[in-house]
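Enquirer: Following this message is one structure expressed as structure tokens.
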Amino acid sequence: MLALVQRVREAKVVVAGRTIGEIGPGLLALVCAERGDTEAQADKLLAKLLKLRIFADEAGKMNRSVQDVAGGLLVVSQFTLAADTSGGNRPSFTNAAAPEEGRRLYEYLVAKAREAHPVVQTGEFAAEMQVHLVNDGPVTIPLTVR
């Protein structure tokens, strides 16, 4: 699975003019299931998201996780993270999981996140979404879990 993680001061997802997910300080995680991914990759990705030490401690060092700071987690599906641009100017998305498998793994990840963390919000799988965020730092980290 792939993720692009951004430490945010706030973030929200809007679908058809309506806010469907919103957090204050925390992490915005854009996530993508790739062909062949299983629940094992989703579990590893979630563990990494929850333990990734990218929030400042008292000394100003990135030494705390989203759990340590009781931050929010906004999880948004984004199959375009699997883009392959090596063949030209039009991206290929053949590395992305098929839509039904991508949805299943996304929903699995969200369910597990809600079991493990108190503040979890989401986008809407396969919807046309507008994602609004205030990146804190900025801190943006790509994650790949195999």
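To be explicit about the labels: the chains of the structure tokens are called A, B, and onward in the order shown, and within each one the residues are counted from 1, while ligands get numbers from 1 in the order they are shown.
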Need to verify the contact set: A:Gln6, 10 Å, only C-alpha atoms, exclusion of same-chain residues closer than 3 positions in sequence. Can you return it as JSON, numbers by chain?
Expert: {"A": [3, 9, 11, 26, 27, 28, 29, 30, 54, 74, 133, 134, 135, 136, 137, 138, 139, 140, 141, 142]}
Enquirer: Keeping only N, CA, C and O atoms, write the selected residues as a PDB file, in the first residue's frame.
Expert:
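What ended up in result-v2.pdb:
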```
ATOM      1  N   ALA A   3       1.006   5.542   0.737  1.00  0.00           N
ATOM      2  CA  ALA A   3       0.367   6.665   1.417  1.00  0.00           C
ATOM      3  C   ALA A   3       1.225   7.906   1.241  1.00  0.00           C
ATOM      4  O   ALA A   3       2.448   7.821   1.155  1.00  0.00           O
ATOM      5  N   ARG A   9      -2.399  21.270  10.371  1.00  0.00           N
ATOM      6  CA  ARG A   9      -3.028  22.030  11.460  1.00  0.00           C
ATOM      7  C   ARG A   9      -4.528  21.808  11.428  1.00  0.00           C
ATOM      8  O   ARG A   9      -5.196  21.827  12.450  1.00  0.00           O
ATOM      9  N   ALA A  11      -7.619  19.892   8.399  1.00  0.00           N
ATOM     10  CA  ALA A  11      -7.908  19.347   7.070  1.00  0.00           C
ATOM     11  C   ALA A  11      -9.373  18.930   7.017  1.00  0.00           C
ATOM     12  O   ALA A  11      -9.964  18.573   8.035  1.00  0.00           O
ATOM     13  N   GLY A  26      -3.254  17.097  13.212  1.00  0.00           N
ATOM     14  CA  GLY A  26      -3.098  15.659  13.070  1.00  0.00           C
ATOM     15  C   GLY A  26      -2.473  15.295  11.752  1.00  0.00           C
ATOM     16  O   GLY A  26      -1.630  16.030  11.230  1.00  0.00           O
ATOM     17  N   LEU A  27      -2.911  14.168  11.189  1.00  0.00           N
ATOM     18  CA  LEU A  27      -2.373  13.667   9.937  1.00  0.00           C
ATOM     19  C   LEU A  27      -3.460  13.519   8.888  1.00  0.00           C
ATOM     20  O   LEU A  27      -4.524  12.964   9.161  1.00  0.00           O
ATOM     21  N   LEU A  28      -3.149  13.988   7.687  1.00  0.00           N
ATOM     22  CA  LEU A  28      -3.946  13.684   6.504  1.00  0.00           C
ATOM     23  C   LEU A  28      -3.189  12.577   5.790  1.00  0.00           C
ATOM     24  O   LEU A  28      -2.014  12.749   5.457  1.00  0.00           O
ATOM     25  N   ALA A  29      -3.838  11.445   5.583  1.00  0.00           N
ATOM     26  CA  ALA A  29      -3.213  10.318   4.897  1.00  0.00           C
ATOM     27  C   ALA A  29      -3.985  10.015   3.627  1.00  0.00           C
ATOM     28  O   ALA A  29      -5.122   9.557   3.674  1.00  0.00           O
ATOM     29  N   LEU A  30      -3.356  10.288   2.489  1.00  0.00           N
ATOM     30  CA  LEU A  30      -3.895   9.887   1.200  1.00  0.00           C
ATOM     31  C   LEU A  30      -3.392   8.468   0.976  1.00  0.00           C
ATOM     32  O   LEU A  30      -2.177   8.232   1.031  1.00  0.00           O
ATOM     33  N   ILE A  54       6.482  12.448  13.841  1.00  0.00           N
ATOM     34  CA  ILE A  54       6.677  13.676  13.064  1.00  0.00           C
ATOM     35  C   ILE A  54       6.061  14.903  13.728  1.00  0.00           C
ATOM     36  O   ILE A  54       5.943  15.950  13.105  1.00  0.00           O
ATOM     37  N   LEU A  74      -7.153  11.856   9.226  1.00  0.00           N
ATOM     38  CA  LEU A  74      -8.087  11.966   8.121  1.00  0.00           C
ATOM     39  C   LEU A  74      -7.563  11.071   7.003  1.00  0.00           C
ATOM     40  O   LEU A  74      -6.500  11.322   6.451  1.00  0.00           O
ATOM     41  N   LEU A 133      -6.511  21.609   3.214  1.00  0.00           N
ATOM     42  CA  LEU A 133      -5.616  21.376   4.334  1.00  0.00           C
ATOM     43  C   LEU A 133      -4.706  22.563   4.560  1.00  0.00           C
ATOM     44  O   LEU A 133      -4.434  23.334   3.644  1.00  0.00           O
ATOM     45  N   VAL A 134      -4.263  22.667   5.797  1.00  0.00           N
ATOM     46  CA  VAL A 134      -3.189  23.583   6.153  1.00  0.00           C
ATOM     47  C   VAL A 134      -2.052  22.688   6.603  1.00  0.00           C
ATOM     48  O   VAL A 134      -2.100  22.102   7.691  1.00  0.00           O
ATOM     49  N   ASN A 135      -1.041  22.546   5.717  1.00  0.00           N
ATOM     50  CA  ASN A 135       0.102  21.688   6.004  1.00  0.00           C
ATOM     51  C   ASN A 135       0.933  22.360   7.083  1.00  0.00           C
ATOM     52  O   ASN A 135       1.220  23.546   7.009  1.00  0.00           O
ATOM     53  N   ASP A 136       1.306  21.613   8.098  1.00  0.00           N
ATOM     54  CA  ASP A 136       2.049  22.130   9.237  1.00  0.00           C
ATOM     55  C   ASP A 136       3.521  21.816   9.063  1.00  0.00           C
ATOM     56  O   ASP A 136       3.937  20.670   9.144  1.00  0.00           O
ATOM     57  N   GLY A 137       4.314  22.825   8.806  1.00  0.00           N
ATOM     58  CA  GLY A 137       5.751  22.636   8.682  1.00  0.00           C
ATOM     59  C   GLY A 137       6.340  23.333   7.468  1.00  0.00           C
ATOM     60  O   GLY A 137       7.090  24.269   7.607  1.00  0.00           O
ATOM     61  N   PRO A 138       6.087  22.903   6.276  1.00  0.00           N
ATOM     62  CA  PRO A 138       5.301  21.744   5.876  1.00  0.00           C
ATOM     63  C   PRO A 138       6.042  20.436   6.118  1.00  0.00           C
ATOM     64  O   PRO A 138       7.258  20.364   5.971  1.00  0.00           O
ATOM     65  N   VAL A 139       5.283  19.422   6.489  1.00  0.00           N
ATOM     66  CA  VAL A 139       5.814  18.070   6.635  1.00  0.00           C
ATOM     67  C   VAL A 139       4.957  17.156   5.753  1.00  0.00           C
ATOM     68  O   VAL A 139       3.762  17.029   5.991  1.00  0.00           O
ATOM     69  N   THR A 140       5.579  16.578   4.739  1.00  0.00           N
ATOM     70  CA  THR A 140       4.908  15.662   3.818  1.00  0.00           C
ATOM     71  C   THR A 140       5.824  14.469   3.608  1.00  0.00           C
ATOM     72  O   THR A 140       6.980  14.651   3.211  1.00  0.00           O
ATOM     73  N   ILE A 141       5.320  13.262   3.871  1.00  0.00           N
ATOM     74  CA  ILE A 141       6.147  12.056   3.821  1.00  0.00           C
ATOM     75  C   ILE A 141       5.455  10.969   3.019  1.00  0.00           C
ATOM     76  O   ILE A 141       4.333  10.583   3.334  1.00  0.00           O
ATOM     77  N   PRO A 142       6.139  10.449   1.976  1.00  0.00           N
ATOM     78  CA  PRO A 142       5.584   9.300   1.248  1.00  0.00           C
ATOM     79  C   PRO A 142       5.895   8.008   1.995  1.00  0.00           C
ATOM     80  O   PRO A 142       6.997   7.849   2.550  1.00  0.00           O
TER      81      PRO A 142
END
```
Enquirer: Write down as a VMD selection string the residues of chain A whose backbone DSSP state falls under strand (DSSP E).
Expert: chain A and resid 2 to 15 18 to 23 26 to 32 55 to 56 62 to 64 72 to 77 120 to 122 129 to 144
Enquirer: Please determine, counting only C-alpha atoms, which residue among A:Leu45, A:Gly24, A:Val131, A:Phe125 has the shortest atom-to-atom distance to A:Val69.
Expert: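 Using only C-alpha atoms, the shortest distance to A:Val69 belongs to A:Gly24.
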Enquirer: List the spatial neighbours of A:Gly36 as a list in words - criterion: any atom at most 10 Å away, only C-alpha atoms, same-chain residues fewer than 6 positions off excluded.
Expert: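 Listed by chain and then number, they are Met1, Asn95, Ala96, Ala97, Ala98, Glu101 and Arg146 of chain A.
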Enquirer: I'd like to know which of A:Leu81, A:Val76, A:Ile20, A:Asp68 is closest to A:Phe93, using only C-alpha atoms.
Expert: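 Selected residue with least distance to A:Phe93: A:Leu81.
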Enquirer: So which bits of stretch 54-112 of chain A end up helix (DSSP H, G or I) when you DSSP the backbone, as a PyMOL selection string?
Expert: chain A and resi 79-82+99-112
Enquirer: Any chance you can output those residues with all heavy atoms as a compact mmCIF listing (two decimals), in the first residue's frame?
Expert:
```txt
# COMPACT_ATOMS: atom_id res chain seq x y z
N PHE A 79 -6.35 6.62 -5.56
CA PHE A 79 -5.73 5.63 -6.43
C PHE A 79 -4.63 6.23 -7.30
O PHE A 79 -3.75 5.52 -7.78
CB PHE A 79 -6.78 4.91 -7.30
CG PHE A 79 -7.22 5.68 -8.51
CD1 PHE A 79 -6.60 5.46 -9.73
CD2 PHE A 79 -8.23 6.61 -8.43
CE1 PHE A 79 -7.00 6.16 -10.86
CE2 PHE A 79 -8.64 7.31 -9.55
CZ PHE A 79 -8.02 7.09 -10.77
N THR A 80 -4.63 7.54 -7.50
CA THR A 80 -3.62 8.16 -8.36
C THR A 80 -2.22 8.09 -7.77
O THR A 80 -1.25 8.35 -8.48
CB THR A 80 -3.98 9.63 -8.68
OG1 THR A 80 -4.05 10.37 -7.47
CG2 THR A 80 -5.30 9.71 -9.44
N LEU A 81 -2.09 7.71 -6.51
CA LEU A 81 -0.75 7.51 -5.94
C LEU A 81 -0.02 6.37 -6.65
O LEU A 81 1.21 6.31 -6.62
CB LEU A 81 -0.83 7.21 -4.44
CG LEU A 81 -1.26 8.36 -3.54
CD1 LEU A 81 -1.37 7.87 -2.10
CD2 LEU A 81 -0.28 9.51 -3.63
N ALA A 82 -0.74 5.48 -7.29
CA ALA A 82 -0.13 4.35 -8.00
C ALA A 82 0.25 4.71 -9.44
O ALA A 82 0.61 3.83 -10.22
CB ALA A 82 -1.09 3.16 -8.01
N PRO A 99 -10.96 -1.52 -8.45
CA PRO A 99 -11.81 -0.70 -7.58
C PRO A 99 -12.45 -1.46 -6.42
O PRO A 99 -12.43 -0.98 -5.28
CB PRO A 99 -12.87 -0.15 -8.53
CG PRO A 99 -12.19 -0.11 -9.85
CD PRO A 99 -11.28 -1.31 -9.87
N GLU A 100 -12.99 -2.66 -6.67
CA GLU A 100 -13.66 -3.36 -5.56
C GLU A 100 -12.65 -3.82 -4.50
O GLU A 100 -12.94 -3.78 -3.31
CB GLU A 100 -14.54 -4.51 -6.05
CG GLU A 100 -14.05 -5.45 -7.11
CD GLU A 100 -13.77 -4.93 -8.51
OE1 GLU A 100 -14.38 -3.98 -9.03
OE2 GLU A 100 -12.87 -5.53 -9.11
N GLU A 101 -11.45 -4.21 -4.93
CA GLU A 101 -10.42 -4.61 -3.97
C GLU A 101 -9.86 -3.38 -3.25
O GLU A 101 -9.59 -3.43 -2.05
CB GLU A 101 -9.30 -5.38 -4.68
CG GLU A 101 -8.23 -5.93 -3.75
CD GLU A 101 -8.73 -6.97 -2.75
OE1 GLU A 101 -9.91 -7.38 -2.78
OE2 GLU A 101 -7.91 -7.38 -1.91
N GLY A 102 -9.69 -2.29 -3.97
CA GLY A 102 -9.24 -1.05 -3.35
C GLY A 102 -10.21 -0.57 -2.28
O GLY A 102 -9.80 -0.16 -1.20
N ARG A 103 -11.50 -0.64 -2.60
CA ARG A 103 -12.53 -0.24 -1.62
C ARG A 103 -12.48 -1.14 -0.39
O ARG A 103 -12.53 -0.67 0.75
CB ARG A 103 -13.92 -0.30 -2.24
CG ARG A 103 -15.03 0.07 -1.24
CD ARG A 103 -16.43 -0.13 -1.82
NE ARG A 103 -16.67 0.66 -2.99
CZ ARG A 103 -17.11 1.94 -2.98
NH1 ARG A 103 -17.35 2.52 -1.83
NH2 ARG A 103 -17.32 2.58 -4.10
N ARG A 104 -12.38 -2.44 -0.62
CA ARG A 104 -12.34 -3.38 0.50
C ARG A 104 -11.16 -3.10 1.43
O ARG A 104 -11.32 -3.03 2.65
CB ARG A 104 -12.26 -4.82 -0.03
CG ARG A 104 -12.39 -5.88 1.06
CD ARG A 104 -12.21 -7.28 0.50
NE ARG A 104 -10.83 -7.55 0.16
CZ ARG A 104 -9.86 -7.82 1.05
NH1 ARG A 104 -10.13 -7.83 2.34
NH2 ARG A 104 -8.63 -8.08 0.65
N LEU A 105 -9.98 -2.87 0.86
CA LEU A 105 -8.79 -2.62 1.68
C LEU A 105 -8.86 -1.25 2.35
O LEU A 105 -8.43 -1.10 3.50
CB LEU A 105 -7.52 -2.77 0.85
CG LEU A 105 -7.17 -4.20 0.50
CD1 LEU A 105 -6.05 -4.26 -0.52
CD2 LEU A 105 -6.82 -5.00 1.74
N TYR A 106 -9.40 -0.25 1.66
CA TYR A 106 -9.59 1.07 2.26
C TYR A 106 -10.53 0.98 3.45
O TYR A 106 -10.23 1.48 4.54
CB TYR A 106 -10.13 2.04 1.20
CG TYR A 106 -10.53 3.38 1.75
CD1 TYR A 106 -9.58 4.31 2.15
CD2 TYR A 106 -11.87 3.73 1.88
CE1 TYR A 106 -9.94 5.54 2.65
CE2 TYR A 106 -12.25 4.97 2.38
CZ TYR A 106 -11.28 5.87 2.76
OH TYR A 106 -11.66 7.09 3.27
N GLU A 107 -11.66 0.31 3.27
CA GLU A 107 -12.62 0.18 4.37
C GLU A 107 -12.05 -0.64 5.52
O GLU A 107 -12.32 -0.34 6.69
CB GLU A 107 -13.93 -0.42 3.85
CG GLU A 107 -14.68 0.56 2.97
CD GLU A 107 -15.92 0.00 2.31
OE1 GLU A 107 -16.19 -1.23 2.43
OE2 GLU A 107 -16.63 0.78 1.63
N TYR A 108 -11.25 -1.64 5.21
CA TYR A 108 -10.57 -2.42 6.24
C TYR A 108 -9.62 -1.52 7.04
O TYR A 108 -9.63 -1.53 8.27
CB TYR A 108 -9.80 -3.58 5.60
CG TYR A 108 -8.95 -4.36 6.57
CD1 TYR A 108 -9.49 -5.42 7.30
CD2 TYR A 108 -7.61 -4.04 6.77
CE1 TYR A 108 -8.71 -6.12 8.20
CE2 TYR A 108 -6.83 -4.74 7.66
CZ TYR A 108 -7.38 -5.78 8.38
OH TYR A 108 -6.61 -6.48 9.27
N LEU A 109 -8.81 -0.73 6.34
CA LEU A 109 -7.87 0.18 6.99
C LEU A 109 -8.60 1.16 7.90
O LEU A 109 -8.21 1.39 9.04
CB LEU A 109 -7.05 0.92 5.93
CG LEU A 109 -6.09 1.98 6.46
CD1 LEU A 109 -4.89 1.32 7.14
CD2 LEU A 109 -5.62 2.89 5.34
N VAL A 110 -9.69 1.73 7.40
CA VAL A 110 -10.46 2.70 8.19
C VAL A 110 -11.05 2.03 9.44
O VAL A 110 -10.99 2.59 10.54
CB VAL A 110 -11.55 3.36 7.33
CG1 VAL A 110 -12.54 4.14 8.19
CG2 VAL A 110 -10.92 4.26 6.27
N ALA A 111 -11.61 0.85 9.28
CA ALA A 111 -12.20 0.15 10.44
C ALA A 111 -11.14 -0.13 11.49
O ALA A 111 -11.37 0.07 12.69
CB ALA A 111 -12.86 -1.16 9.98
N LYS A 112 -9.97 -0.59 11.07
CA LYS A 112 -8.88 -0.87 12.01
C LYS A 112 -8.38 0.42 12.66
O LYS A 112 -8.06 0.44 13.85
CB LYS A 112 -7.72 -1.59 11.30
CG LYS A 112 -8.05 -3.01 10.92
CD LYS A 112 -8.26 -3.85 12.15
CE LYS A 112 -8.43 -5.31 11.83
NZ LYS A 112 -8.58 -6.13 13.02
```
Enquirer: Do you have the atom CA of A:Ala56-atom CA of A:Val5 distance handy?
Expert: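 The value is 15.9 Å.
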Enquirer: Could you name the residues that touch stretch 118-120 of chain A at 9 Å or less, counting only C-alpha atoms, but leaving out those on the same chain fewer than 6 positions away, as a list in words?
Expert: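 The residues satisfying every condition are Gly21, Glu22, Ile23, Gln67, Ala70, Gly71, Gly72, Leu73, Leu74, Val75 and Val110 of chain A.
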Enquirer: Keeping N, CA, C and O atoms, export the residues of the selection given above as an mmCIF file, in the first residue's frame.
Expert:
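again.cif was written with the following content:
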```cif
data_model
loop_
_atom_site.group_PDB
_atom_site.id
_atom_site.type_symbol
_atom_site.label_atom_id
_atom_site.label_comp_id
_atom_site.auth_asym_id
_atom_site.auth_seq_id
_atom_site.Cartn_x
_atom_site.Cartn_y
_atom_site.Cartn_z
ATOM 1 N N GLY A 21 -15.692 14.935 6.188
ATOM 2 C CA GLY A 21 -14.670 14.544 7.148
ATOM 3 C C GLY A 21 -13.820 15.749 7.471
ATOM 4 O O GLY A 21 -13.480 16.525 6.573
ATOM 5 N N GLU A 22 -13.480 15.917 8.752
ATOM 6 C CA GLU A 22 -12.749 17.114 9.157
ATOM 7 C C GLU A 22 -11.985 16.835 10.440
ATOM 8 O O GLU A 22 -12.505 16.191 11.351
ATOM 9 N N ILE A 23 -10.723 17.301 10.484
ATOM 10 C CA ILE A 23 -9.906 17.182 11.693
ATOM 11 C C ILE A 23 -9.213 18.506 11.979
ATOM 12 O O ILE A 23 -9.054 19.340 11.084
ATOM 13 N N GLN A 67 -0.594 9.590 17.853
ATOM 14 C CA GLN A 67 -1.181 9.060 19.084
ATOM 15 C C GLN A 67 -0.658 9.811 20.303
ATOM 16 O O GLN A 67 -1.415 10.121 21.217
ATOM 17 N N ALA A 70 -2.422 13.071 20.546
ATOM 18 C CA ALA A 70 -3.885 12.961 20.469
ATOM 19 C C ALA A 70 -4.434 13.748 19.288
ATOM 20 O O ALA A 70 -5.454 14.428 19.382
ATOM 21 N N GLY A 71 -3.755 13.631 18.141
ATOM 22 C CA GLY A 71 -4.181 14.323 16.932
ATOM 23 C C GLY A 71 -5.220 13.536 16.162
ATOM 24 O O GLY A 71 -5.470 12.355 16.428
ATOM 25 N N GLY A 72 -5.807 14.184 15.194
ATOM 26 C CA GLY A 72 -6.777 13.530 14.333
ATOM 27 C C GLY A 72 -6.102 12.803 13.192
ATOM 28 O O GLY A 72 -4.948 13.066 12.852
ATOM 29 N N LEU A 73 -6.843 11.886 12.586
ATOM 30 C CA LEU A 73 -6.385 11.147 11.418
ATOM 31 C C LEU A 73 -7.482 11.239 10.360
ATOM 32 O O LEU A 73 -8.610 10.806 10.607
ATOM 33 N N LEU A 74 -7.153 11.856 9.226
ATOM 34 C CA LEU A 74 -8.087 11.966 8.121
ATOM 35 C C LEU A 74 -7.563 11.071 7.003
ATOM 36 O O LEU A 74 -6.500 11.322 6.451
ATOM 37 N N VAL A 75 -8.301 10.002 6.695
ATOM 38 C CA VAL A 75 -7.871 8.999 5.724
ATOM 39 C C VAL A 75 -8.697 9.174 4.445
ATOM 40 O O VAL A 75 -9.925 9.084 4.483
ATOM 41 N N VAL A 110 -9.686 1.731 7.403
ATOM 42 C CA VAL A 110 -10.455 2.704 8.191
ATOM 43 C C VAL A 110 -11.049 2.033 9.436
ATOM 44 O O VAL A 110 -10.991 2.592 10.541
#
```
